[in-house]
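Structure, as structure tokens:
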2 protein chains.
Amino acid sequence: MPHATAAILSIGDELTLGQNLDTNSQWLSHRLTALGVIPIQHATVPDDLAATRDAILRLADVADLVIITGGLGPTADDLTRAALAAAMNEPLVEDLEALAQITAWFASRTRPMPALNRVQAQRPRSAAIIRNDWGTAPGMQARLQKRDRQGASDAAAPLSPAFTDIFSLPGPPREMRPMFEASVLPHIKPARTVRTRALPTFGLGESEIATRLGSLMDRDRNPTVGTTASHGVVTVRIRFEASPQTDPASASRAIAEVESKARAALGSYIFGADADTQSSVIRDLLKERNLTLATVESCTGGLLGELITETPGSSAIYRGGFITYTNELKQQLVGVPAATFAPGGPGAVSRECAEAMARGGLAVTGADFCLSITGIAGPDGGSAEKPIGTVWIALASRESVHSRRFQFSGERSNIRDWSARSALAMLRFAIIGQPSLALMRQTASHPTA
Amino acid sequence: MPHATAAILSIGDELTLGQNLDTNSQWLSHRLTALGVIPIQHATVPDDLAATRDAILRLADVADLVIITGGLGPTADDLTRAALAAAMNEPLVEDLEALAQITAWFASRTRPMPALNRVQAQRPRSAAIIRNDWGTAPGMQARLQKRDRQGASDAAAPLSPAFTDIFSLPGPPREMRPMFEASVLPHIKPARTVRTRALPTFGLGESEIATRLGSLMDRDRNPTVGTTASHGVVTVRIRFEASPQTDPASASRAIAEVESKARAALGSYIFGADADTQSSVIRDLLKERNLTLATVESCTGGLLGELITETPGSSAIYRGGFITYTNELKQQLVGVPAATFAPGGPGAVSRECAEAMARGGLAVTGADFCLSITGIAGPDGGSAEKPIGTVWIALASRESVHSRRFQFSGERSNIRDWSARSALAMLRFAIIGQPSLALMRQTASHPTA
């Protein structure tokens with residue numbers, strides 16, 4: 001039976017009590033939506049056997065697919081195995097293959113398996129184990145008969161003939177995500193065909209983008225166009241839905257037509273497509289040109305370097321850099337003139353300082369480009385003239401130095417994040433030959449020959 | 001009737017489809033838990049009238065308090081008003097005070113109220129309006145009679161005499177949060193007193209911690225003890241619950257007694273309390289001693305500096321550092337001997353290189369401590385001898401250099417994250433006089449005089 005709808009169940013006291021933020025439901029929903037299965041409900045329950053069992057039964061009644069995360073650890077409050085068995089009205093049995101796998105996992109780390117972990121090899125009798133190559137908690141795959149929709153939550157309700165596929169995965173995202181891709185994805189049979197295209201942008205606000213896209217964003221179109229925002233990156237999402245019989249070429253054409261209109265409206269603010277990040281795009285642009293990059297950071301304290309190097313293969317284009325957090329290190333390591341910091345001088349948060357940092361970093365490392373950031377991330381250190389959120393960013397190349405002032409808002413982490421991402425945007429604009437393209441929250445710009 | 005339990009309902013297609021991350025449920029749960037009301041379920045439904053009405057009825061049956069966020073906008077897909085009215089079996093009426101308030105909100109921005117927004121003044125007949133000073137969507141406060149728990153979801157079930165308090169708030173956090181504090185909080189009557197204490201640890205696995213805590217983690221105790229893990233930090237959470245009449249001193253004693261047992265079991269792996277982070281604790285330890293820190297990073301690319309500087313006030317203790325991503329910069333900036341990288345030499349991922357980086361960083365910056373990290377974060381670059389996840393971390397002080405080898409697992413981001421956090425743990429152990437305390441995933445340790 002094809003999967004038209006899905007429900008996501010997250011389990012854990014740490015979630016219901018608000019100690020941890022559930023990101024799994026969003027991640028799974030996003031993946032399922034892209035595949036053509038519509039998530040119709042999320043639910044979160046505590047580490048409680050009856051609550052978990054009831055939620056499994058209730059969600060299985062309304063959705064064709066239920067994905068459960070959490071509650072697969074080795075301790076007494078990890079109850080998903082028992083709850084699924086109760087929902088299926090089956091006993092738990094020990095899975096020998098799972099036990100061997102857990103034992104091997106510990107052995108490969110030259111540790112004996114703690115007695116506690118043995119319980120992780122259990123599963124309801126008719127369930128199958130989902131292999132976990134990223135931790136000790138195997139997942140489970142099961143099939144549950146739907147109860148009749150009338151009186152859905154009455155445990156005594158008559159059974160309907162339809163079945164719901166249940167997948168149980170561990171809670172930690174770094175285990176859950178690869179297990180979903182490796183072992184759940186192959187079992188999903190979407191009831192409709194969906195094609196999506198994501199166009200990530202940086203530098204424009206969400207309402208400016210909506211204004212530029214205009215009627216493309218009307219809700220009754222197909223493809224639909226929507227935007228989502230995260231860390232300043234606003235992603236334009238194009239989505240085409242059709243029956244599984246639809247000609248793939250016509251789906252591609254429908255997407256391509258909308259994409260070309262979006263590109264016309266947003267120009268170079270679109271920095272890539274689908275899974276591209278600012279960092280991966282910069283790696284590719286520099287690599288193609290055989291150019292290298294260095295960084296000199298003050299208020300971001302290493303975040304810019306971290307963003308650049310989160311992309312595999314960044315060593316081909318990134319030489320490294322400096323975290324010149326004190327004014328002494330700004331002078332000593334990259335040669336910012338002492339006068340910058342003297343009374344009456346422009347100070348550490350200034351065009352002069354940012355440009356000197358970028359020039360000095362370029363000279364010392366021998367890179368082709370050097371980005372520098374200096375600003376006031378807060379919560380202290382602001383003044384009337386330079387309020388919290390004032391940030392100067394400079395980009396030095398062999399030929400020129402270009403700098404911009406920004407006024408960011410929000411908390412320390414937000415100001416640092418926007419600073420690093422705006423720096424990456426300045427570099428990309430320079431590489432693609434549009435060094436003057438304005439960025440959101442920019443309050444001054446100094447191109448110099 | 002006092003509020004013992006709560007349920008949180010989030011409404012919106014953008015949530016069920018995974019386009020946006022729901023942070024309201026966590027925020028509300030955290031607030032309610034601290035007040036002594038236990039959130040027992042979160043649910044998320046799309047912009048759908050029947051699904052929202054059914055969720056309101058279901059949650060009202062099981063919780064004493066239901067807080068709803070979202071679906072209060074002015075457009076056709078904002079259906080919370082209608083769904084609440086349907087759940088209460090009442091008509092919607094226009095609230096004149098709410099209408100005046102929305103009109104005034106637009107007037108204060110010198111705009112006329114769009115006709116569309118008039119619908120935001122509606123409420124179920126017996127509901128009250130919650131004032132919104134941060135946007136155009138008023139909230140609603142209502143009371144719903146519970147249906148009998150037997151056959152809870154059967155709409156025809158007999159009514160029980162108990163009532164559930166319902167609060168409906170807009171979805172945007174910057175409107176929802178202040179409205180909760182101003183207008184929901186005064187109506188909450190917690191059925192119990194709750195005291196909590198969090199003890200964050202780093203360096204032990206969750207199952208090792210459970211083993212050490214033993215019966216303290218039994219589920220039927222009060223205080224209860226549980227653990228949550230995020231980015232390698234395992235937090236021990238102590239929670240004491242009692243009647244509102246309980247003597248506050250006895251609550252404090254109960255928490256303190258369990259805390260002291262947990263501290264005895266986990267020793268210096270506990271690095272702080274409540275909201276402390278590794279970074280904030282290190283800032284305080286160094287500041288008290290008037291000592292400073294520098295960093296030299298290779299595979300973490302700036303992440304260690306970023307973690308140190310995410311804490312406000314870090315400029316008092318952090319001088320800065322180097323991101324020596326290439327071998328050339330390792331030699332040029334911090335004086336790692338060229339022979340390290342020559343054929344037959346130990347290479348960039350070695351004790352020798354890590355120690356030279358730390359020593360060099362210390363000498364150049366003049367800091368009291370210097371941490372260095374060099375390793376293989378993957379996905380490429382591993383070998384049989386040095387597989388992906390092999391990381392050397394060194395700590396240099398004026399007196400000594402101490403280094404450890406680790407074997408981390410997982411993805412690039414995970415290996416980098418554990419590397420930076422293990423470096424912070426090594427520094428903390430050294431400052432508190434326990435430089436040899438072993439860390440999880442450590443495979444070698446070299447204290448040198």
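A note on labels: chains of the structure tokens are A, B, ... as shown, every chain counts residues from 1, and ligands are counted from 1 in their shown order.
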Pull out every residue of chain A sitting within 6 Å of chain B, counting only C-alpha atoms, and send them as a PyMOL selection string. chain A and resi 16-18+21+26+29-30+39+41-45+151+153-154+301-303+305-306+309+319-326
Write out as a PyMOL selection string all residues of segment 198-429 of chain B that backbone DSSP assigns to strand (DSSP E or B). chain B and resi 198-202+224-230+233-242+270+293-297+318-324+369-375+390-397+401-407
With only C-alpha atoms as the counted atoms, please give the residues lying no more than 6 Å from Leu65 of chain A, apart from itself and same-chain residues fewer than 6 positions off, as a ChimeraX atom specification. /A:6,164-166
Using only C-alpha atoms, which protein or nucleic acid residues come within 7 Å of Thr136 of chain B? Drop anything in the same chain fewer than 4 positions from it, and give the result as a list in words.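 Listed by chain and then number, they are Ile102, Trp105 and Asn132 of chain B.
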Restricted to C-alpha atoms, what would the selected residues look like written as a CSV table (one decimal), in the first residue's frame?
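Here's the written file again.csv:
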chain,number,residue,atom,x,y,z
B,102,ILE,CA,-6.1,45.8,16.2
B,105,TRP,CA,-2.1,48.9,16.2
B,132,ASN,CA,-1.2,41.3,22.1
Close residues, Leu185 of chain A itself excluded, 12 Å, only C-alpha atoms, min 2 positions apart in chain, as a VMD selection string: chain A and resid 3 28 31 to 32 34 to 37 65 67 130 167 177 to 183 187 to 190
Which neighbours of Met357 of chain B fall inside 8 Å, counting only C-alpha atoms, when residues of the same chain fewer than 2 positions from it are skipped, and could you give them as a tab-separated table (two decimals) with N, CA and C atoms, in the first residue's frame?
chain	number	residue	atom	x	y	z
B	296	VAL	N	45.73	26.94	18.80
B	296	VAL	CA	46.29	26.67	17.47
B	296	VAL	C	45.52	25.49	16.90
B	330	LYS	N	51.65	25.85	9.64
B	330	LYS	CA	52.06	25.27	10.92
B	330	LYS	C	53.54	25.59	11.17
B	334	VAL	N	53.71	29.03	13.82
B	334	VAL	CA	53.97	28.57	15.19
B	334	VAL	C	55.20	27.68	15.29
B	335	GLY	N	56.01	27.65	14.21
B	335	GLY	CA	57.32	27.03	14.30
B	335	GLY	C	57.37	25.52	14.43
B	336	VAL	N	56.39	24.83	13.86
B	336	VAL	CA	56.51	23.36	13.84
B	336	VAL	C	57.68	23.02	12.93
B	353	CYS	N	53.67	16.91	16.34
B	353	CYS	CA	53.12	18.11	15.70
B	353	CYS	C	52.21	18.87	16.67
B	354	ALA	N	51.33	18.12	17.36
B	354	ALA	CA	50.40	18.78	18.29
B	354	ALA	C	51.18	19.53	19.37
B	355	GLU	N	52.21	18.88	19.90
B	355	GLU	CA	52.97	19.53	20.98
B	355	GLU	C	53.74	20.74	20.48
B	359	ARG	N	53.26	24.50	21.87
B	359	ARG	CA	54.43	25.24	22.38
B	359	ARG	C	54.64	26.53	21.60
B	360	GLY	N	54.52	26.41	20.27
B	360	GLY	CA	54.73	27.59	19.42
B	360	GLY	C	53.67	28.66	19.67
B	361	GLY	N	52.42	28.24	19.79
B	361	GLY	CA	51.34	29.19	20.04
B	361	GLY	C	51.52	29.91	21.35
B	372	SER	N	46.25	23.02	21.36
B	372	SER	CA	46.36	22.76	19.93
B	372	SER	C	45.58	21.51	19.56
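For the pair atom CA of Ile388 of chain A and atom CA of Leu424 of chain A, the separation is 21.2 Å.
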Can you tell me, as an mmCIF file with N, CA, C and O atoms, in the first residue's frame, what residues are no more than 10 Å from Glu352 of chain A when counting only C-alpha atoms, ignoring any on the same chain fewer than 6 positions away?
data_model
loop_
_atom_site.group_PDB
_atom_site.id
_atom_site.type_symbol
_atom_site.label_atom_id
_atom_site.label_comp_id
_atom_site.auth_asym_id
_atom_site.auth_seq_id
_atom_site.Cartn_x
_atom_site.Cartn_y
_atom_site.Cartn_z
ATOM 1 N N VAL A 336 48.512 45.426 12.247
ATOM 2 C CA VAL A 336 47.656 46.613 12.341
ATOM 3 C C VAL A 336 48.460 47.693 13.064
ATOM 4 O O VAL A 336 49.043 47.425 14.121
ATOM 5 N N PRO A 337 48.511 48.932 12.518
ATOM 6 C CA PRO A 337 49.344 49.969 13.148
ATOM 7 C C PRO A 337 48.874 50.274 14.567
ATOM 8 O O PRO A 337 47.662 50.335 14.827
ATOM 9 N N THR A 340 46.196 52.848 15.369
ATOM 10 C CA THR A 340 44.765 52.522 15.243
ATOM 11 C C THR A 340 44.086 52.520 16.600
ATOM 12 O O THR A 340 42.926 52.914 16.734
ATOM 13 N N GLY A 345 42.488 57.570 17.762
ATOM 14 C CA GLY A 345 42.551 56.689 16.595
ATOM 15 C C GLY A 345 41.182 56.094 16.294
ATOM 16 O O GLY A 345 40.260 56.236 17.087
ATOM 17 N N PRO A 346 41.081 55.445 15.152
ATOM 18 C CA PRO A 346 39.758 54.916 14.777
ATOM 19 C C PRO A 346 39.289 53.750 15.643
ATOM 20 O O PRO A 346 38.105 53.459 15.685
ATOM 21 N N TRP A 392 32.622 45.689 11.083
ATOM 22 C CA TRP A 392 33.340 45.985 9.832
ATOM 23 C C TRP A 392 33.908 44.694 9.268
ATOM 24 O O TRP A 392 34.518 43.903 9.988
ATOM 25 N N ALA A 394 36.265 43.317 5.932
ATOM 26 C CA ALA A 394 37.093 43.715 4.785
ATOM 27 C C ALA A 394 37.520 42.486 4.003
ATOM 28 O O ALA A 394 37.676 41.393 4.561
ATOM 29 N N SER A 403 35.769 47.157 1.807
ATOM 30 C CA SER A 403 35.258 46.968 3.174
ATOM 31 C C SER A 403 33.837 47.492 3.292
ATOM 32 O O SER A 403 33.423 48.379 2.536
#
So that I can check the secondary structure, give me every residue of segment 202-448 of chain B assigned helix (DSSP H, G or I) by backbone DSSP, as a PyMOL selection string. chain B and resi 206-217+248-269+278-289+303-309+314-316+327-334+338-341+351-365+412-431
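Distances here use only C-alpha atoms; by that measure, the residue among B:Pro124, B:Pro447, B:Gly135, B:Gly272 closest to Met426 of chain B is B:Pro447.
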